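Asker: Structure provided below as structure tokens; questions to follow.
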Amino acid sequence: MTWEIIIGLETHVELSTATKIFCGCTTAFGGDPNTHCCPVCTGMPGTLPVLNEAVVKFAAKAGLALHCDITRSCKFDRKNYFYPDLPKAYQISQLYLPICRDGKVPIVTDAGEKTIRIHEIHMEEDAGKLVHDPWIDQSRADYNRCGVPLIEIVTEPDFRTADEVIAYLEKLRATLQYLEVSDCKMQEGSLRCDVNLSVRPMGSAEFGTRTEMKNLNSFKAISRAIAYEAKRQIEAVEEGKTIVQETRRWDENKDATFAMRSKENAQDYRYFPEPDIPPLELSEGYLEALRAEQPELAEEKRLRYEKDYQLPSYDAAIITGQKALSDFFETAVALGSEAKQVSNWIMGEIMRRLSTQGLEAKDMKLTPKTLSRLIALVKDGKLNRNTAVKVFDAIFDTDGDVDAYVKEHGLEQVSDAGLVGRIVDEVFAANPKSIEDYKAGKEKAFGFLVGQVMRQLKGQAAPAVVNEAIRAKLDALK
Amino acid sequence: MKITTEMVDYISELSRLKLAAQEKTRMAGQLEQIVSYMDILNTLDTQGTEPMSHVFPVKNVLRTDAVAPCFPREELLKNAPVPDEEAFLSPKTVD
Amino acid sequence: MELCKLSALELHAALQAGDVTQGEAVAAARARIAATQPEHNAFITLCDTPAQAPDLAASPLAGVPMAYKDNICTKGLKTTCASKILGEFQPPYDATVVERLGQGGAVCLGKLNMDEFAMGSTSETSFYGAVKNPWNPAHVTGGSSGGSAAAVASGACWYTIGSDTGGSIRQPAAFCGVTGMKPTYGTVSRYGLIAYASSLDQMGPIARTAADCAAVLDLMQGKDSRDGTSLDVPAGSLLAGLTGDIRGMKIGLPADCFGDGLTGEVGSAVRAVAEVLRARGATVEEFALPIIQYAVPTYYIVAAAEASSNLSRFDGIKYGWRAEGYEDLADLYNRTRTEGFGAEVKRRILLGTFVLSTGYYDAYYKKALQAKALIKQAFDDAFTRYDLLLTPVSPTTAPKLGESLSDPLHMYLSDIYTVSVNLAGLPGLSMPCGFDGRGLPIGAQLIGPALGDGKVLNAAHAYQQETTFHKQTPKGGDAV
């Protein structure tokens with residue numbers, strides 16, 4: 001029996017507005033507990049919500065970029081439930097008339113191209129954080145995050161593999177970062193994903209019972225959870241058991257999902273229209289202005305890089321995968337550096353450093369100006385590539401002055417032919433056997449001689465110049 | 001329409017109220033009376049009428065995205081039943 | 001003392017003329033409070049007044065001692081909504097109206113008793129004990145702003161601020177022989193009013209005269225950026241607009257408000273108002289408004305639904321009272337709320353939860369919102385033909401204490417004349433228009449079109465120029 005895995009995603013994205021959705025408190029990450037709060041977002045009696053215009057704008061921009069229909073007349077609703085992280089005991093969300101509907105996200109995986117359909121996108125407010133304090137066996141509620149604006153993006157159950165899910169999330173993240181509506185950092189919680197999964201026999205038209213998985217804090221966790229849950233459900237069904245519709249929590253350490261207590265299950269939220277917030281009417285003019293403002297998105301950029309700069313598809317995809325990288329690339333090119341060079345440096349040294357340091361491209365200190373300078377020095381023959389890499393490593397963390405470093409460490413490439421010639425002579429004199437070997441036809445000896453000369457020159461010679469000098473002198477010896 | 005004590009149990013659970021047995025029976029009776037009276041609305045023809053949440057056609061009330069000075073934490077916490085310098089305390093939450 | 005029988009505007013004039021000092025006015029008020037509080041229980045909390053007297057030029061009401069219903073947030077001053085569950089809650093901020101009245105020179109004496117969370121028509125459900133009617137303390141004041149009405153009637157305050165969701169200003173004003181107004185929805189900011197039913201709540205003044213009410217509203221009205229439902233209307237011209245000239249005004253009498261259930265004495269007194277208005281040049285005519293019969297069920301569904309949500313935040317975690325002996329979180333919620341809320345509040349929370357729950361939402365809540373639309377439409381239609389409507393405020397005068405709470409449905413039905421005004425968002429005013437055989441006050445209601453607050457006040461002002469019911473005070477008012 002072959003099984004088909006059906007997956008739908010509900011992704012919560014924190015919008016990077018300056019203030020919360022219904023009050024003027026800052027949305028800045030972190031901060032001592034309850035210091036980014038006010039009577040409104042802590043649910044004090046008598047307070048009222050007032051909608052932040054930037055939230056509407058960001059949500060509409062996201063919807064437009066994801067090819068959604070924008071609901072011209074939309075409104076908010078109250079979702080009622082009790083939990084200490086929800087101070088009003090209701091969350092202001094959108095059920096009946098969400099701001100966006102029916103979008104699509106094209107993705108590419110090893111298996112090919114596919115379109116993931118978006119069911120709806122709605123605005124809502126985030127809840128606070130609860131931290132258990134074992135010393136007093138109480139939970140501490142921190143409302144800093146209460147009221148931070150979220151958009152929830154709900155897909156149709158169009159995914160069939162974990163790869164598709166990851167491809168979608170990467171595309172989503174890149175798009176939203178490009179729009180600058182969210183920084184989409186999973187580790188800071190500005191991108192959260194709940195996965196709905198069910199299984200059915202291949203070819204069946206009906207959906208199986210689905211479970212919802214929460215607490216997935218990285219793309220890796222998502223992949224593993226999907227694998228685990230699919231296996232669990234398939235095994236259960238094959239053994240004749242029924243799948244319970246429930247919410248399950250992913251446990252990183254145990255690499256498994258566990259049913260959560262009933263808090264999340266079968267809740268009657270008693271949604272009703274929010275009386276404190278008048279409805280929204282988005283005009284065509286408003287949407288036109290947003291469309292006009294939309295920056296070139298990742299997809300368009302990638303194609304343009306391939307066409308205009310002849311970058312290989314893979315490189316273009318990586319660079320356009322993050323706005324910070326593509327901004328960096330474009331700025332460096334605008335400063336006059338050759339696109340291929342910039343691309344190589346990004347794909348090579350920069351990605352390497354970001355990876356080993358666990359750094360995000362947007363938090364990188366190195367500026368395009370500095371890299372351009374480095375590239376220029378290599379181009380002008382003042383540094384060879386190896387030395388340039390050394391310089392890069394040294395100044396990466398601080399965006400140090402390239403010229404100053406080169407000067408300070410005497411790294412300028414030796415291209416003085418006379419000096420090179422003298423070193424070659426010294427090396428020849430010290431290695432008569434190699435000369436003999438070379439004359440006997442062993443090319444390897446050539447490399448050895450190059451190595452020796454380079455060593456003497458502390459690597460600071462243009463390889464071409466050294467090669468040329470050695471060849472010339474060897475030929476002269478013939 | 002009939003309001004049973006099971007229904008009262010259900011809506012009590014939803015609203016975090018726990019009535020004693022006697023109170024529950026009495027409440028069920030009173031609610032039944034009230035809800036049955038409300039069924040008079042069935043005689044009102046509302047076919048084609050949009051449900052009206054907001055009484056005046058006010059729309060698009062928005063504020064600018066400008067950070068307000070932060071509210072002093074002590075002020076927000078000073079009414080908390082269990083005093084704490086930093087947070088609101090509650091019994092251990094499930095997850 | 002005669003001072004306490006003055007209107008608020010008259011007191012201000014006396015202060016400005018130097019006939020009375022700020023200290024004397026406050027002392028007189030405090031003496032009245034001391035004399036009446038043990039019996040009437042109009043106040044929950046009394047407070048000191050600032051050492052510095054306000055600038056009398058700040059407004060036509062500057063320097064006048066007053067008080068707020070206890071569901072209005074006053075910074076640092078205990079605010080309870082007459083409930084156990086708020087404990088000793090001291091709001092960390094002032095309601096917008098408190099700020100605005102303060103800027104206008106209001107002198108606050110304390111917080112007034114009410115029905116718990118503004119749910120009630122008798123002010124008997126208060127955790128702090130029932131409020132008693134200054135005209136006859138064996139009778140209720142009406143509700144939910146019972147303390148606000150009683151304090152004005154007994155001369156303890158020259159005006160008070162109440163709140164009105166289904167008649168809670170107008171009905172106690174009628175039962176206590178004073179004038180009270182619920183303005184057009186959205187003209188007074190709700191920021192700082194502890195919410196009962198968000199789409200219906202409005203704060204408003206209770207005072208001896210319509211002119212006083214106009215002066216208070218001039219300070220209260222106007223857009224507030226902290227209340228998304230507040231309307232962008234110019235404020236400050238109501239007092240100036242009181243010409244008393246109502247010639248040519250067309251006043252409608254909804255026949256459906258004068259049918260069965262209305263006590264004879266009340267009906268006669270209200271019809272007599274029509275005569276006075278006619279004599280001042282208005283025309284008065286009966287017309288049909290059959291939709292009124294749907295007002296009470298519509299109101300209770302909408303109000304209870306919104307209340308059930310608005311009151312969910314009271315859970316013993318962030319502020320107020322917390323139950324003892326709880327075992328876990330669920331138990332904390334259940335105990336705090338079950339022990340912290342009174343019976344009427346619990347009843348309405350359950351009702352509201354019911355009408356919003358799955359399976360019943362369409363039949364009840366959605367249906368009620370449709371009925372609300374039709375009710376508003378019916379009133380809008382009426383106002384294409386009439387400038388104002390005249391109705392009774394309540395089918396009876398003030399009932400005796402202890403008679404109403406055992407039959408909630410019967411009590412709800414008595415709101416029939418007032419609730420539709422809230423559902424349609426219209427301005428409504430109650431003014432004294434007579435007394436019944438037992439000496440209990442009767443009130444008449446004037447209803448205006450949306451933003452017709454000026455018209456309503458002007459007609460009431462004209463009526464009060466012709467009559468003296470509003471000048472009468474309960475026996476014992478001369479005690480100080």
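Going through the structure tokens in order, the chains are called A, B, and so on, while each chain numbers its residues from 1 and the ligands are numbered from 1 in the order shown.
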Which residues of chain C come within 6 Å of chain A, and what is each one's closest atom pair and distance in Å (one decimal), counting only C-alpha atoms, sorted by chain and residue number, as JSON lines?

Answerer:
{"residue": "C:Tyr191", "atom": "CA", "partner": "A:Thr47", "partner_atom": "CA", "distance": 5.6}
{"residue": "C:Gly192", "atom": "CA", "partner": "A:Gly46", "partner_atom": "CA", "distance": 4.2}
{"residue": "C:Leu193", "atom": "CA", "partner": "A:Gly46", "partner_atom": "CA", "distance": 4.7}
{"residue": "C:Ile194", "atom": "CA", "partner": "A:Gly46", "partner_atom": "CA", "distance": 3.9}
{"residue": "C:Ala195", "atom": "CA", "partner": "A:Gly46", "partner_atom": "CA", "distance": 5.8}
{"residue": "C:Ser199", "atom": "CA", "partner": "A:Pro275", "partner_atom": "CA", "distance": 5.6}
{"residue": "C:Gly228", "atom": "CA", "partner": "A:Val50", "partner_atom": "CA", "distance": 5.5}
{"residue": "C:Ser312", "atom": "CA", "partner": "A:Ala89", "partner_atom": "CA", "distance": 5.5}
{"residue": "C:Arg313", "atom": "CA", "partner": "A:Lys88", "partner_atom": "CA", "distance": 4.6}
{"residue": "C:Leu356", "atom": "CA", "partner": "A:Arg270", "partner_atom": "CA", "distance": 5.1}
{"residue": "C:Ser357", "atom": "CA", "partner": "A:Arg270", "partner_atom": "CA", "distance": 5.2}

Asker: Check every residue of chain B for an atom within 8 Å of chain C, counting only C-alpha atoms, and provide those that qualify as a PyMOL selection string.

Answerer: chain B and resi 8+11-12+14-19+27+30-31+33-34+37-38+40-41+44+46+49-56+58+61-63+75-77+79-82+88-93

Asker: Rank B:Gln47, B:Gln22, B:Asn60, B:Thr4 by their smallest atom-to-atom distance to chain A, using only C-alpha atoms, and report the top residue only.

Answerer: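 Checking each candidate against chain A, we get B:Asn60 as the closest.
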
Asker: Could you name the residues that touch Thr49 of chain C at 12 Å or less, counting only C-alpha atoms, but leaving out those on the same chain fewer than 4 positions away, as a ChimeraX atom specification?

Answerer: /C:22-23,25-27,29-30,53-54,63-67,77,102,105-110

Asker: Excluding His461 of chain C and its own-chain neighbours fewer than 2 positions away, which residues fall within 10 Å of it when counting only C-alpha atoms? Please give them as a PyMOL selection string.

Answerer: chain C and resi 209-214+242-246+431+455-459+463-467

Asker: Would you mind exporting the chosen residues as a PDB file, in the first residue's frame, restricted to C-alpha atoms?

Answerer:
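The file below, out-v4.pdb, is the result:
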ATOM      1  CA  THR C 209     -31.325  70.758  34.466  1.00  0.00           C
ATOM      2  CA  ALA C 210     -30.939  70.167  30.759  1.00  0.00           C
ATOM      3  CA  ALA C 211     -28.719  73.246  30.639  1.00  0.00           C
ATOM      4  CA  ASP C 212     -26.375  71.664  33.158  1.00  0.00           C
ATOM      5  CA  CYS C 213     -26.300  68.503  31.060  1.00  0.00           C
ATOM      6  CA  ALA C 214     -25.439  70.568  27.999  1.00  0.00           C
ATOM      7  CA  LEU C 242     -30.003  76.388  24.149  1.00  0.00           C
ATOM      8  CA  THR C 243     -32.345  79.025  22.820  1.00  0.00           C
ATOM      9  CA  GLY C 244     -35.490  77.416  24.180  1.00  0.00           C
ATOM     10  CA  ASP C 245     -37.048  78.087  20.797  1.00  0.00           C
ATOM     11  CA  ILE C 246     -38.842  74.962  19.606  1.00  0.00           C
ATOM     12  CA  MET C 431     -36.395  64.825  32.435  1.00  0.00           C
ATOM     13  CA  LYS C 455     -32.142  69.458  19.549  1.00  0.00           C
ATOM     14  CA  VAL C 456     -32.904  67.126  22.424  1.00  0.00           C
ATOM     15  CA  LEU C 457     -31.350  69.425  24.994  1.00  0.00           C
ATOM     16  CA  ASN C 458     -33.044  72.480  23.579  1.00  0.00           C
ATOM     17  CA  ALA C 459     -36.484  70.881  23.767  1.00  0.00           C
ATOM     18  CA  TYR C 463     -39.855  72.309  28.805  1.00  0.00           C
ATOM     19  CA  GLN C 464     -37.910  73.203  31.935  1.00  0.00           C
ATOM     20  CA  GLN C 465     -38.541  76.880  31.320  1.00  0.00           C
ATOM     21  CA  GLU C 466     -42.260  76.120  31.569  1.00  0.00           C
ATOM     22  CA  THR C 467     -42.303  73.650  34.451  1.00  0.00           C
TER      23      THR C 467
END

Asker: For a test of reading the model, state the distance in Å between atom CA of Arg160 of chain A and atom CA of Cys100 of chain A, rounded to one decimal.

Answerer: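 Computed distance, atom CA of Arg160 of chain A to atom CA of Cys100 of chain A, equals 24.2 Å.
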
Asker: Write out as a count of residues only which residues come within 8 Å of segment 301-309 of chain A when counting only C-alpha atoms, dropping same-chain ones fewer than 4 positions away.

Answerer: 8

Asker: Compile the contact shell of segment 386-403 of chain A as a list in words: residues with an atom at most 9 Å away, counting only C-alpha atoms, same-chain residues fewer than 6 positions apart removed.

Answerer: Glu349, Ile350, Arg353, Met364, Lys365, Leu366, Thr367, Thr370, Leu371, Arg373, Leu374, Ile375, Leu377, Val378, Leu411, Glu412, Gln413, Gly459 and Gln460 of chain A

Asker: Based on the selection just made, write N, CA and C atoms of those residues as a PDB file, in the first residue's frame.

Answerer:
ATOM      1  N   GLU A 349      33.719  33.087   0.269  1.00  0.00           N
ATOM      2  CA  GLU A 349      34.164  33.532   1.596  1.00  0.00           C
ATOM      3  C   GLU A 349      33.047  34.037   2.495  1.00  0.00           C
ATOM      4  N   ILE A 350      32.146  34.830   1.948  1.00  0.00           N
ATOM      5  CA  ILE A 350      31.105  35.404   2.803  1.00  0.00           C
ATOM      6  C   ILE A 350      30.179  34.321   3.363  1.00  0.00           C
ATOM      7  N   ARG A 353      31.924  32.369   6.089  1.00  0.00           N
ATOM      8  CA  ARG A 353      32.014  33.035   7.379  1.00  0.00           C
ATOM      9  C   ARG A 353      30.648  33.105   8.061  1.00  0.00           C
ATOM     10  N   MET A 364      25.675  41.195   9.123  1.00  0.00           N
ATOM     11  CA  MET A 364      27.087  41.215   8.755  1.00  0.00           C
ATOM     12  C   MET A 364      27.631  42.629   8.819  1.00  0.00           C
ATOM     13  N   LYS A 365      28.835  42.772   9.387  1.00  0.00           N
ATOM     14  CA  LYS A 365      29.427  44.112   9.480  1.00  0.00           C
ATOM     15  C   LYS A 365      30.065  44.541   8.167  1.00  0.00           C
ATOM     16  N   LEU A 366      30.592  43.584   7.454  1.00  0.00           N
ATOM     17  CA  LEU A 366      31.295  43.887   6.210  1.00  0.00           C
ATOM     18  C   LEU A 366      30.381  44.622   5.240  1.00  0.00           C
ATOM     19  N   THR A 367      30.920  45.691   4.654  1.00  0.00           N
ATOM     20  CA  THR A 367      30.100  46.465   3.725  1.00  0.00           C
ATOM     21  C   THR A 367      30.530  46.210   2.287  1.00  0.00           C
ATOM     22  N   THR A 370      33.768  47.922   1.235  1.00  0.00           N
ATOM     23  CA  THR A 370      35.012  47.276   1.625  1.00  0.00           C
ATOM     24  C   THR A 370      35.338  46.116   0.690  1.00  0.00           C
ATOM     25  N   LEU A 371      34.334  45.299   0.383  1.00  0.00           N
ATOM     26  CA  LEU A 371      34.590  44.177  -0.515  1.00  0.00           C
ATOM     27  C   LEU A 371      35.007  44.686  -1.885  1.00  0.00           C
ATOM     28  N   ARG A 373      36.590  47.292  -2.600  1.00  0.00           N
ATOM     29  CA  ARG A 373      37.990  47.746  -2.514  1.00  0.00           C
ATOM     30  C   ARG A 373      38.935  46.550  -2.610  1.00  0.00           C
ATOM     31  N   LEU A 374      38.578  45.522  -1.918  1.00  0.00           N
ATOM     32  CA  LEU A 374      39.390  44.301  -1.922  1.00  0.00           C
ATOM     33  C   LEU A 374      39.484  43.736  -3.338  1.00  0.00           C
ATOM     34  N   ILE A 375      38.315  43.684  -3.979  1.00  0.00           N
ATOM     35  CA  ILE A 375      38.270  43.160  -5.350  1.00  0.00           C
ATOM     36  C   ILE A 375      39.119  44.034  -6.268  1.00  0.00           C
ATOM     37  N   LEU A 377      41.727  45.815  -5.505  1.00  0.00           N
ATOM     38  CA  LEU A 377      43.169  45.603  -5.250  1.00  0.00           C
ATOM     39  C   LEU A 377      43.662  44.343  -5.945  1.00  0.00           C
ATOM     40  N   VAL A 378      42.837  43.324  -5.935  1.00  0.00           N
ATOM     41  CA  VAL A 378      43.225  42.090  -6.631  1.00  0.00           C
ATOM     42  C   VAL A 378      43.291  42.350  -8.122  1.00  0.00           C
ATOM     43  N   LEU A 411      51.462  43.692   3.051  1.00  0.00           N
ATOM     44  CA  LEU A 411      50.961  42.568   2.253  1.00  0.00           C
ATOM     45  C   LEU A 411      50.913  42.844   0.754  1.00  0.00           C
ATOM     46  N   GLU A 412      51.308  44.033   0.390  1.00  0.00           N
ATOM     47  CA  GLU A 412      51.205  44.345  -1.044  1.00  0.00           C
ATOM     48  C   GLU A 412      51.981  43.365  -1.873  1.00  0.00           C
ATOM     49  N   GLN A 413      51.326  43.014  -2.914  1.00  0.00           N
ATOM     50  CA  GLN A 413      51.892  41.972  -3.755  1.00  0.00           C
ATOM     51  C   GLN A 413      53.191  42.444  -4.402  1.00  0.00           C
ATOM     52  N   GLY A 459      54.239  34.531  -0.086  1.00  0.00           N
ATOM     53  CA  GLY A 459      52.976  34.397  -0.807  1.00  0.00           C
ATOM     54  C   GLY A 459      52.485  35.669  -1.456  1.00  0.00           C
ATOM     55  N   GLN A 460      53.204  36.693  -1.322  1.00  0.00           N
ATOM     56  CA  GLN A 460      52.712  37.985  -1.803  1.00  0.00           C
ATOM     57  C   GLN A 460      53.160  38.326  -3.200  1.00  0.00           C
TER      58      GLN A 460
END

Asker: Considering only C-alpha atoms, return as JSON, numbers by chain whatever protein or nucleic-acid residues lie within 9 Å of Ala207 of chain C, sequence-local ones (same chain, fewer than 6 positions apart) excluded.

Answerer: {"C": [7, 8, 149, 152, 153, 157, 158, 159, 160, 161, 173, 178, 179, 180, 213]}

Asker: Point out the residue among A:Gln294, A:Gln456, A:Thr27, A:Asn431 with the least atom-to-atom distance to Leu150 of chain A, counting only C-alpha atoms.

Answerer: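 Ranked by minimum distance to Leu150 of chain A, first place goes to A:Thr27.
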
Asker: So that I can check the secondary structure, give me every residue of segment 271-403 of chain C assigned alpha helix (DSSP H) by backbone DSSP, as a PyMOL selection string.

Answerer: chain C and resi 271-279+295-310+329-340+343-356+367-385

Asker: Would you mind reading off the distance between atom CA of Asp69 of chain A and atom CA of Ile99 of chain A, one decimal, in Å?

Answerer: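 Taking atom CA of Asp69 of chain A and atom CA of Ile99 of chain A, their separation equals 8.5 Å.
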
Asker: Rank A:Ser283, A:Gln310, A:Asn217, A:Gln177 by their smallest atom-to-atom distance to chain B, using only C-alpha atoms, and report the top residue only.

Answerer: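 Of the candidates, the smallest distance to chain B is held by A:Ser283.
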
Asker: Which distance in Å separates atom CA of Val13 of chain A and atom CA of Ala289 of chain A, to one decimal?

Answerer: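 Calculated distance between atom CA of Val13 of chain A and atom CA of Ala289 of chain A is 23.1 Å.
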
Asker: Smallest atom-to-atom distance to chain B: which of A:Lys444, A:Lys57, A:His12, A:Arg422, using only C-alpha atoms?

Answerer: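 Among the listed residues, the smallest separation from chain B belongs to A:Lys57.
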
Asker: Which one is closest to chain B: A:Glu246, A:Asp363, A:Glu281, A:Asp416? Count only C-alpha atoms.

Answerer: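 Closest residue, counting only C-alpha atoms: A:Glu281.
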
Asker: Of the candidates B:Asp9, B:Glu74, B:Asp84, B:Asp65, which shows the shortest atom-to-atom distance to chain A, using only C-alpha atoms?

Answerer: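 Ranked by minimum distance to chain A, first place goes to B:Asp65.
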